[in-house]
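Student: My file is structure_22.txt. It has compact mmCIF, C-alpha atoms:
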# COMPACT_ATOMS: atom_id res chain seq x y z
CA MET A 993 30.20 -100.01 27.46
CA LYS A 994 28.66 -98.84 24.18
CA ILE A 995 30.78 -98.20 21.08
CA VAL A 996 29.28 -96.49 18.04
CA VAL A 997 31.22 -95.66 14.88
CA HIS A 998 30.09 -92.64 12.84
CA GLY A 999 32.35 -92.31 9.80
CA ASP A 1000 35.77 -91.26 11.05
CA THR A 1001 34.62 -90.85 14.68
CA VAL A 1002 34.19 -93.46 17.37
CA ASN A 1003 31.86 -92.60 20.24
CA VAL A 1004 32.28 -94.57 23.43
CA SER A 1005 29.70 -94.17 26.15
CA GLU A 1006 28.21 -95.95 29.18
CA ILE A 1007 31.64 -96.40 30.71
CA ARG A 1008 31.02 -97.30 34.35
CA GLU A 1009 34.63 -97.72 35.41
CA LEU A 1010 38.06 -96.77 34.13
CA GLY A 1011 40.10 -98.91 36.46
CA THR A 1012 42.85 -101.48 36.51
CA ALA A 1013 40.31 -104.29 36.72
CA THR A 1014 38.57 -103.27 33.51
CA ALA A 1015 41.52 -101.73 31.64
CA ASN A 1016 42.28 -104.81 29.53
CA SER A 1017 38.71 -105.40 28.41
CA PHE A 1018 38.31 -101.67 27.72
CA GLN A 1019 41.44 -101.64 25.57
CA SER A 1020 40.67 -104.81 23.65
CA ALA A 1021 37.03 -103.86 22.99
CA LEU A 1022 38.05 -100.47 21.70
CA SER A 1023 41.00 -101.71 19.67
CA ALA A 1024 38.74 -104.22 17.92
CA ALA A 1025 36.23 -101.51 17.06
CA LEU A 1026 38.70 -98.92 15.77
CA PRO A 1027 38.74 -98.63 11.98
CA ASP A 1028 42.03 -97.63 10.30
CA SER A 1029 40.71 -94.32 9.06
CA ILE A 1030 39.69 -93.06 12.49
CA LYS A 1031 40.18 -89.36 13.28
CA HIS A 1032 38.38 -88.82 16.57
CA ILE A 1033 37.80 -91.00 19.61
CA ASP A 1034 35.19 -89.39 21.83
CA LEU A 1035 34.66 -90.84 25.28
CA ASP A 1036 31.49 -89.89 27.11
CA LEU A 1037 32.37 -90.20 30.80
CA SER A 1038 29.10 -88.95 32.22
CA GLN A 1039 28.38 -92.37 33.76
CA THR A 1040 31.90 -93.07 34.99
CA THR A 1041 32.03 -93.47 38.76
CA PHE A 1042 35.53 -94.78 39.27
CA VAL A 1043 38.95 -94.12 37.81
CA ASP A 1044 42.44 -95.14 38.83
CA CYS A 1045 45.94 -95.18 37.34
CA GLY A 1046 45.20 -98.42 35.45
CA GLY A 1047 42.23 -96.80 33.70
CA LEU A 1048 44.22 -93.72 32.81
CA GLY A 1049 47.02 -96.02 31.63
CA ALA A 1050 44.53 -97.66 29.26
CA LEU A 1051 43.65 -94.20 27.91
CA VAL A 1052 47.33 -93.41 27.41
CA ALA A 1053 47.82 -96.72 25.57
CA LEU A 1054 44.79 -95.97 23.41
CA ARG A 1055 46.19 -92.53 22.66
CA LYS A 1056 49.55 -94.03 21.65
CA ARG A 1057 47.82 -96.47 19.33
CA ALA A 1058 45.62 -93.74 17.88
CA ARG A 1059 48.59 -91.49 17.13
CA HIS A 1060 50.60 -94.29 15.57
CA GLY A 1061 48.96 -94.30 12.11
CA GLU A 1062 49.47 -91.96 9.14
CA SER A 1063 46.62 -89.65 10.21
CA PRO A 1064 46.77 -89.57 13.99
CA ALA A 1065 43.46 -89.57 15.80
CA THR A 1066 42.58 -87.33 18.75
CA ILE A 1067 40.99 -88.48 21.98
CA ARG A 1068 38.45 -86.20 23.61
CA LEU A 1069 36.80 -86.71 26.98
CA PHE A 1070 33.21 -85.52 27.24
CA ASN A 1071 31.13 -84.82 30.33
CA ALA A 1072 33.73 -86.01 32.82
CA PRO A 1073 32.45 -85.66 36.40
CA LYS A 1074 34.28 -83.02 38.41
CA PRO A 1075 36.14 -85.52 40.63
CA LEU A 1076 37.42 -87.28 37.52
CA GLN A 1077 38.54 -83.95 36.04
CA HIS A 1078 40.33 -83.25 39.30
CA ILE A 1079 42.13 -86.61 39.25
CA VAL A 1080 43.16 -86.18 35.61
CA SER A 1081 44.59 -82.73 36.30
CA MET A 1082 46.27 -84.02 39.47
CA MET A 1083 48.08 -86.58 37.34
CA LYS A 1084 49.21 -83.79 34.98
CA MET A 1085 47.16 -85.23 32.12
CA GLY A 1086 44.84 -82.29 31.60
CA ASP A 1087 46.76 -81.22 28.49
CA VAL A 1088 46.95 -84.75 27.10
CA PHE A 1089 43.23 -85.39 27.43
CA PRO A 1090 41.25 -82.22 26.82
CA MET A 1091 37.90 -82.17 28.64
CA GLU A 1092 34.80 -81.04 26.83
CA THR A 1093 31.12 -80.83 27.55
CA GLY A 1094 28.23 -81.67 25.26
CA THR A 1095 27.02 -84.72 23.43
CA PRO A 1096 29.74 -86.27 21.30
CA ALA A 1097 27.34 -88.35 19.20
CA LEU A 1098 25.31 -85.35 18.08
CA ASP A 1099 28.45 -83.37 17.30
CA THR A 1100 29.61 -86.17 15.09
CA ILE A 1101 26.33 -86.50 13.27
CA HIS A 1102 26.30 -82.77 12.52
CA ASN A 1103 29.88 -82.95 11.36
CA MET B 348 35.68 -53.23 80.83
CA LEU B 349 38.10 -56.11 80.87
CA MET B 350 36.47 -59.50 80.39
CA SER B 351 37.62 -62.17 82.79
CA LYS B 352 35.41 -65.00 81.55
CA ALA B 353 34.47 -66.24 78.12
CA LEU B 354 32.07 -68.80 76.75
CA LEU B 355 33.17 -70.71 73.65
CA ILE B 356 30.82 -72.86 71.62
CA CYS B 357 32.50 -75.66 69.70
CA PRO B 358 30.73 -76.22 66.40
CA SER B 359 28.96 -79.44 65.49
CA ASP B 360 29.54 -81.19 62.20
CA ARG B 361 29.12 -78.91 59.22
CA PRO B 362 27.86 -80.72 56.10
CA ALA B 363 29.63 -78.16 53.90
CA VAL B 364 33.01 -79.45 55.12
CA ALA B 365 32.05 -83.03 55.89
CA GLU B 366 35.42 -84.52 54.98
CA PHE B 367 37.22 -82.09 57.28
CA SER B 368 34.86 -83.06 60.13
CA ARG B 369 36.06 -86.65 59.85
CA LEU B 370 39.52 -85.60 61.07
CA GLY B 371 38.09 -84.75 64.47
CA PRO B 372 35.80 -82.20 66.07
CA LEU B 373 35.97 -79.03 63.96
CA ALA B 374 37.32 -77.05 66.93
CA ALA B 375 40.16 -79.53 67.39
CA ALA B 376 41.12 -80.33 63.79
CA PRO B 377 44.58 -79.08 62.76
CA LEU B 378 44.84 -75.81 60.85
CA LEU B 379 48.45 -74.78 60.26
CA GLY B 380 49.59 -77.25 62.90
CA GLN B 381 47.24 -76.14 65.63
CA SER B 382 43.54 -76.35 66.24
CA LEU B 383 41.19 -73.44 66.02
CA LEU B 384 40.50 -73.92 69.73
CA GLU B 385 44.18 -73.49 70.59
CA TYR B 386 44.37 -70.24 68.58
CA TRP B 387 41.34 -68.96 70.48
CA LEU B 388 42.73 -69.91 73.87
CA THR B 389 46.00 -68.13 73.07
CA HIS B 390 43.97 -65.13 71.96
CA PHE B 391 42.02 -65.15 75.24
CA ALA B 392 45.15 -65.56 77.33
CA LEU B 393 46.69 -62.54 75.62
CA ALA B 394 43.46 -60.57 76.12
CA GLY B 395 43.64 -61.11 79.87
CA ILE B 396 40.80 -63.58 80.21
CA LYS B 397 41.18 -65.93 83.15
CA GLU B 398 38.38 -68.46 82.74
CA VAL B 399 36.90 -70.14 79.69
CA HIS B 400 33.79 -72.27 79.58
CA LEU B 401 33.63 -74.57 76.57
CA LEU B 402 30.42 -76.08 75.25
CA ALA B 403 30.92 -79.14 73.08
CA ASP B 404 28.50 -81.60 71.56
CA ASP B 405 30.76 -83.23 68.96
CA ARG B 406 33.27 -85.65 70.50
CA PRO B 407 33.67 -83.64 73.74
CA GLU B 408 36.19 -86.14 75.12
CA GLU B 409 38.63 -85.04 72.40
CA ILE B 410 38.07 -81.42 73.33
CA ARG B 411 38.79 -82.22 76.99
CA LYS B 412 41.92 -84.11 76.03
CA LEU B 413 43.16 -81.18 73.94
CA VAL B 414 42.68 -78.40 76.50
CA GLY B 415 43.37 -80.34 79.71
CA ASN B 416 42.91 -78.02 82.64
CA GLY B 417 44.02 -74.99 80.64
CA GLY B 418 47.34 -74.67 82.46
CA ARG B 419 49.20 -74.42 79.15
CA TRP B 420 47.55 -71.05 78.58
CA GLY B 421 47.29 -70.00 82.20
CA LEU B 422 43.51 -70.33 81.95
CA LYS B 423 40.92 -72.15 83.97
CA ILE B 424 38.91 -74.18 81.47
CA ASP B 425 35.70 -76.11 81.97
CA VAL B 426 34.20 -78.29 79.25
CA THR B 427 30.45 -78.93 79.33
CA GLU B 428 28.88 -81.54 77.09
CA GLU B 429 25.79 -80.37 75.24
CA VAL B 430 23.43 -82.52 73.20
CA ARG B 431 23.52 -80.10 70.29
CA GLU B 432 25.28 -76.90 69.27
CA LEU B 433 23.59 -73.99 71.01
CA PRO B 434 23.16 -70.69 69.18
CA ALA B 435 25.25 -67.97 70.84
CA ALA B 436 22.20 -66.10 72.16
CA GLN B 437 20.70 -69.22 73.70
CA ALA B 438 24.03 -70.18 75.29
CA GLN B 439 24.32 -66.70 76.76
CA ILE B 440 20.86 -67.02 78.33
CA LYS B 441 21.50 -70.55 79.59
CA TYR B 442 24.79 -69.60 81.21
CA ALA B 443 23.86 -66.00 82.07
CA ALA B 444 24.59 -66.47 85.75
CA GLU B 445 28.24 -67.12 84.99
CA PHE B 446 28.85 -64.12 82.79
CA ASP B 447 28.62 -60.41 82.83
CA SER B 448 26.13 -59.84 80.04
CA SER B 449 27.23 -56.23 79.62
CA ALA B 450 30.68 -57.36 78.52
CA PRO B 451 30.91 -57.44 74.73
CA HIS B 452 31.84 -60.54 72.73
CA ASN B 453 32.11 -62.86 75.69
CA VAL B 454 30.27 -65.60 73.82
CA SER B 455 31.78 -66.90 70.58
CA VAL B 456 31.12 -69.77 68.23
CA LEU B 457 34.34 -71.41 67.10
CA ASP B 458 33.65 -71.12 63.40
CA HIS B 459 36.16 -68.39 62.58
CA PHE B 460 39.67 -67.36 63.51
CA PRO B 461 40.03 -64.86 66.37
CA GLY B 462 39.40 -61.32 65.21
CA GLU B 463 37.68 -62.43 62.00
CA PRO B 464 34.01 -62.70 63.01
CA ASN B 465 32.76 -62.00 59.51
CA SER B 466 34.75 -64.78 57.88
CA PRO B 467 33.26 -68.13 58.86
CA ILE B 468 35.52 -70.92 57.71
CA PHE B 469 33.25 -73.94 57.95
CA SER B 470 30.59 -72.73 55.52
CA SER B 471 32.40 -74.14 52.47
CA TYR B 472 35.73 -75.64 51.47
CA ALA B 473 36.55 -72.41 49.62
CA ASN B 474 36.02 -70.40 52.81
CA LEU B 475 38.04 -72.91 54.82
CA TYR B 476 40.93 -72.60 52.38
CA ALA B 477 40.68 -68.80 52.25
CA GLY B 478 40.63 -68.63 56.05
CA ILE B 479 43.73 -70.82 56.37
CA VAL B 480 45.69 -68.78 53.83
CA ARG B 481 44.60 -65.50 55.45
CA TRP B 482 45.62 -66.78 58.89
CA MET B 483 49.04 -68.04 57.76
CA PRO B 484 51.01 -64.90 58.70
CA ARG B 485 49.37 -64.88 62.14
CA ALA B 486 49.55 -68.60 62.86
CA ASN B 487 53.00 -68.48 64.42
CA THR B 488 51.63 -67.09 67.69
CA ILE B 489 54.01 -66.01 70.43
CA ASP B 490 53.37 -69.10 72.51
CA ARG B 491 54.38 -71.45 69.70
CA MET B 492 57.87 -72.81 69.39
CA GLY B 493 59.70 -74.47 66.57
CA PHE B 494 58.54 -72.44 63.57
CA ARG B 495 60.69 -69.94 61.78
CA GLU B 496 60.12 -67.67 58.83
CA VAL B 497 63.09 -68.63 56.66
CA HIS B 498 62.15 -66.15 53.93
CA PRO B 499 59.36 -63.59 53.88
CA GLY B 500 56.16 -65.62 53.65
CA ILE B 501 57.82 -69.04 54.04
CA TRP B 502 57.43 -70.77 57.42
CA ILE B 503 59.12 -74.05 58.25
CA GLY B 504 58.59 -76.15 61.36
CA ARG B 505 61.20 -77.99 63.37
CA HIS B 506 62.44 -81.38 62.18
CA ALA B 507 61.16 -80.60 58.69
CA HIS B 508 63.37 -81.90 55.91
CA VAL B 509 63.25 -79.69 52.85
CA SER B 510 65.50 -80.62 49.97
CA PRO B 511 67.80 -77.78 48.82
CA ASP B 512 66.59 -78.60 45.30
CA ALA B 513 62.94 -78.05 46.20
CA GLN B 514 61.34 -74.82 45.08
CA LEU B 515 59.40 -72.93 47.75
CA CYS B 516 57.16 -70.09 46.58
CA ALA B 517 55.79 -67.69 49.20
CA PRO B 518 53.44 -67.77 50.89
CA CYS B 519 53.73 -71.33 52.10
CA TRP B 520 53.68 -73.16 55.40
CA ILE B 521 55.68 -76.33 56.01
CA GLY B 522 54.77 -78.03 59.27
CA GLN B 523 56.84 -80.03 61.71
CA HIS B 524 58.38 -83.35 60.66
CA VAL B 525 57.43 -82.70 57.04
CA PHE B 526 59.48 -84.14 54.18
CA VAL B 527 59.81 -82.22 50.93
CA GLY B 528 61.73 -84.03 48.21
CA ALA B 529 64.07 -82.69 45.53
CA LYS B 530 62.61 -80.82 42.56
CA SER B 531 59.21 -80.55 44.16
CA VAL B 532 57.45 -77.20 43.90
CA ILE B 533 55.60 -75.98 46.99
CA GLY B 534 53.45 -72.85 46.82
CA PRO B 535 52.32 -70.26 46.39
CA ASN B 536 49.54 -70.49 48.97
CA ALA B 537 50.38 -74.04 49.97
CA VAL B 538 50.16 -75.60 53.42
CA LEU B 539 51.82 -78.87 54.36
CA GLU B 540 50.49 -79.94 57.73
CA ASP B 541 52.66 -81.78 60.26
CA ARG B 542 54.21 -85.11 59.24
CA SER B 543 53.11 -84.88 55.61
CA PHE B 544 55.46 -86.32 52.99
CA VAL B 545 55.84 -84.75 49.55
CA GLU B 546 57.91 -86.86 47.22
CA GLY B 547 60.46 -85.25 44.94
CA GLY B 548 58.95 -83.86 41.75
CA ALA B 549 55.45 -83.31 43.17
CA GLU B 550 53.77 -79.93 42.85
CA VAL B 551 51.53 -78.36 45.48
CA ALA B 552 50.00 -74.94 44.87
CA SER B 553 46.91 -73.27 46.33
CA SER B 554 46.36 -76.43 48.34
CA VAL B 555 46.43 -77.87 51.83
CA ILE B 556 48.03 -81.27 52.47
CA GLY B 557 46.68 -82.77 55.67
CA SER B 558 48.69 -84.29 58.51
CA ASP B 559 50.24 -87.71 57.87
CA THR B 560 49.49 -87.57 54.16
CA PHE B 561 51.74 -88.82 51.39
CA VAL B 562 51.86 -87.04 48.03
CA GLY B 563 53.64 -88.94 45.27
CA LYS B 564 56.04 -87.59 42.69
CA LEU B 565 53.52 -87.83 39.86
CA ALA B 566 50.97 -85.65 41.61
CA ALA B 567 50.31 -81.99 40.90
CA LEU B 568 47.83 -80.60 43.39
CA ARG B 569 46.05 -77.34 42.75
CA GLN B 570 42.99 -75.94 44.49
CA SER B 571 42.89 -79.04 46.63
CA PHE B 572 42.61 -80.38 50.12
CA ALA B 573 44.35 -83.72 50.48
CA TRP B 574 43.62 -85.74 53.61
CA GLY B 575 44.96 -89.27 53.38
CA ASN B 576 43.60 -90.63 50.12
CA THR B 577 40.73 -88.14 50.05
CA LEU B 578 41.04 -85.38 47.52
CA VAL B 579 38.70 -82.40 47.69
CA ASN B 580 38.62 -79.57 45.20
CA TRP B 581 37.94 -76.53 47.39
CA ASP B 582 36.73 -74.52 44.43
CA SER B 583 34.08 -76.93 43.15
CA GLY B 584 33.58 -78.88 46.39
CA SER B 585 33.94 -82.19 44.53
CA MET B 586 35.49 -85.11 46.37
CA ALA B 587 37.32 -88.19 45.13
CA GLN B 588 39.02 -91.11 46.81
CA ILE B 589 42.40 -91.86 45.26
CA SER B 590 42.85 -95.60 45.02
CA ASP B 591 46.51 -95.46 43.95
CA ALA B 592 48.70 -95.20 47.03
CA PHE B 593 51.71 -94.08 44.99
CA LEU B 594 49.79 -90.90 44.14
CA MET B 595 48.29 -90.07 47.52
CA CYS B 596 47.59 -91.97 50.72
CA ALA B 597 47.43 -91.77 54.49
CA LEU B 598 50.64 -92.49 56.37
CA LYS B 599 49.01 -93.08 59.72
CA ARG B 600 47.02 -96.19 60.47
CA GLN B 601 44.37 -96.55 63.09
CA PRO B 602 45.97 -97.93 66.26
CA LYS B 603 45.62 -101.70 66.43
CA SER B 604 44.10 -101.68 69.89
CA GLU B 605 41.30 -99.35 68.79
CA LYS B 606 40.71 -101.46 65.72
CA PHE B 607 40.60 -104.62 67.78
CA LEU B 608 38.34 -103.18 70.43
CA GLY B 609 36.12 -101.64 67.79
CA ARG B 610 35.75 -104.94 65.98
CA LEU B 611 35.11 -106.78 69.23
CA PHE B 612 32.44 -104.23 70.15
CA GLU B 613 30.88 -104.59 66.72
CA LEU B 614 30.85 -108.38 66.98
CA LEU B 615 29.29 -108.37 70.41
CA PHE B 616 26.85 -105.51 70.29
CA THR B 617 26.04 -104.62 66.71
CA GLU B 618 23.30 -106.32 64.76
CA PRO B 619 24.30 -107.60 61.33
CA LYS B 620 23.69 -104.97 58.70
CA PRO B 621 21.61 -105.70 55.62
CA GLU B 622 23.57 -106.34 52.46
CA VAL B 623 22.41 -103.12 50.84
CA ASP B 624 24.18 -101.09 53.52
CA SER B 625 27.45 -102.86 52.82
CA LEU B 626 27.18 -102.09 49.15
CA GLU B 627 26.49 -98.45 49.90
CA THR B 628 29.54 -98.33 52.14
CA VAL B 629 31.69 -99.67 49.33
CA ASN B 630 30.28 -97.05 47.03
CA GLN B 631 31.01 -94.29 49.51
CA GLN B 632 34.57 -95.43 49.88
CA GLY B 633 35.53 -96.05 46.32
CA ARG B 634 33.38 -93.85 44.18
CA PHE B 635 33.01 -90.20 43.36
CA THR B 636 30.58 -87.94 45.10
I need this file expressed as structure tokens, please.
Tutor:
Amino acid sequence: MKIVVHGDTVNVSEIRELGTATANSFQSALSAALPDSIKHIDLDLSQTTFVDCGGLGALVALRKRARHGESPATIRLFNAPKPLQHIVSMMKMGDVFPMETGTPALDTIHN
Amino acid sequence: MLMSKALLICPSDRPAVAEFSRLGPLAAAPLLGQSLLEYWLTHFALAGIKEVHLLADDRPEEIRKLVGNGGRWGLKIDVTEEVRELPAAQAQIKYAAEFDSSAPHNVSVLDHFPGEPNSPIFSSYANLYAGIVRWMPRANTIDRMGFREVHPGIWIGRHAHVSPDAQLCAPCWIGQHVFVGAKSVIGPNAVLEDRSFVEGGAEVASSVIGSDTFVGKLAALRQSFAWGNTLVNWDSGSMAQISDAFLMCALKRQPKSEKFLGRLFELLFTEPKPEVDSLETVNQQGRFT
């Protein structure tokens, strides 16, 4: 997993799995890298091949943490494969985690 | 001229609906509680046909088991095993001696519902879904028992348990021995095949839930086929395996005897596979395609 901080945006990419087995390490790695003044957490899921409820639970926990501060941060999912989009919508989380396409890192740099 | 004989060609595997093919031969897989083959045989019986010759290359023993001797339909049925699916024209030439070639439409490929020759259903998941929904009002054929239309566009099979607090939106089809829990929303355009179990609070719209499939209360299925833990989006064709049984899973296990015999056969007669194959199998089972 690769985490890059650009100002108030954190870009996370090269996520192979979002599963129960990796949920803890995913959460702790991201929590450690999150600065206080964060506004956006962009996850590039183009390389994600597996997701389960534990992985989505980690995303929900991350979202709770991100919304806890004075200026709540948003989580955006980029380039999610279609099966992953299907699973997210099946779990009624499509509204919670908006799906977008494009390259989050470049967006951030232009911002 | 009245046809008295018909030749039916059971389709081989179709890559476009590969997951559906795993349920059984395409001609014998359940669609609204009955196989396509059974709909065709009912159609033939009503049309006055007396004899049907079936050509099958994909799991012909299952086809034979399904049709028996044809007595259920009052038909004489023969099943011939072919090595591959014959095109209709070639089958007609091969079996010309048996049939009156002047009779129209006496050779059919089982890739569409009766009377819908221009709507093949195995060419994509979207076409399969569209075919099932289109066929829904005609699926309760006169030889079927145990289904009733409780409201216009809502069919429920016998021994189905539907909670009074569930919301049913027409059109929808609820098969036999199906459980629908309280506060679940079924339809519109939803099909719950026989023995499926939809937990209270789940939502199923524009989707087909396969036989013996569990759908958990946290699930909201749209534009989907759900067979066991396999989830297919019929619109995009994408497929995912759901690893969380509380969301979706199969309720029926492979019989122990088959498993045991299969494993014994593998041990005795199958050469050990290279490690790479095993890894690929794991990937196929647990990863997206």
Student: For Lys530 of chain B, list every protein, DNA or RNA residue within 7 Å, evaluated using only C-alpha atoms, and leave out those in the same chain fewer than 3 positions away; present the list as a PyMOL selection string.
Tutor: chain B and resi 512-514+547-548
Student: Can you check which residues of chain B have any atom within 12 Å of chain A? Use only C-alpha atoms and format it as a PyMOL selection string.
Tutor: chain B and resi 548-552+554+562-573+576-595+629-636
Student: So that I can see what lies close to segment 392-403 of chain B, please list as a list in words the residues with an atom at most 6 Å from it, counting all atoms listed in the file and leaving out residues fewer than 6 positions away in the same chain.
Tutor: Met350, Ser351, Lys352, Ala353, Leu354, Leu355, Ile356, Cys357, Leu422, Lys423, Ile424, Asp425, Val426, Thr427, Glu428 and Glu429 of chain B
Student: May I ask for the distance between atom CA of Ala1013 of chain A and atom CA of Lys1031 of chain A, given in Å to one decimal place?
Tutor: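 Value for the atom CA of Ala1013 of chain A-atom CA of Lys1031 of chain A distance: 27.8 Å.
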Student: Nearest to Met993 of chain A among A:Ser1005, A:Ser1023, A:Thr1066, A:Ser1038, with distances taken over only C-alpha atoms: which residue is it?
Tutor: A:Ser1005
Student: To one decimal in Å, tell me the separation between atom CA of Ala436 of chain B and atom CA of Asn474 of chain B.
Tutor: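 According to the coordinates, atom CA of Ala436 of chain B and atom CA of Asn474 of chain B are separated by 24.2 Å.
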Student: What is the atom CA of Ser531 of chain B to atom CA of Ile1067 of chain A distance in Å?
Tutor: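 Distance reported for this atom pair: 29.8 Å.
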Student: Near Gly1049 of chain A, counting all atoms listed in the file, which residues have an atom at most 10 Å away, once you skip same-chain residues fewer than 6 positions from it, shown as a VMD selection string?
Tutor: chain A and resid 1010 to 1012 1015 1019 1055
Student: Of the candidates B:Gln439, B:Gly504, B:Thr389, B:Ala477, which one gets nearest to Ile489 of chain B if we count all atoms listed in the file?
Tutor: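 Once distances to Ile489 of chain B are computed over all atoms listed in the file, the minimum belongs to B:Thr389.
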Student: With all atoms listed in the file as the basis for distance, which of B:Pro362, B:Pro372, B:Pro518, B:Pro434 is at the shortest distance from Lys412 of chain B?
Tutor: B:Pro372
Student: Counting only C-alpha atoms, which of B:Leu373, B:Val430, B:Ala444, B:Leu515 gets nearest to His498 of chain B?
Tutor: B:Leu515
Student: So, counting only C-alpha atoms, which residue among B:Ile521, B:Ile479, B:Ala363, B:Cys596 is closest to Arg505 of chain B?
Tutor: B:Ile521
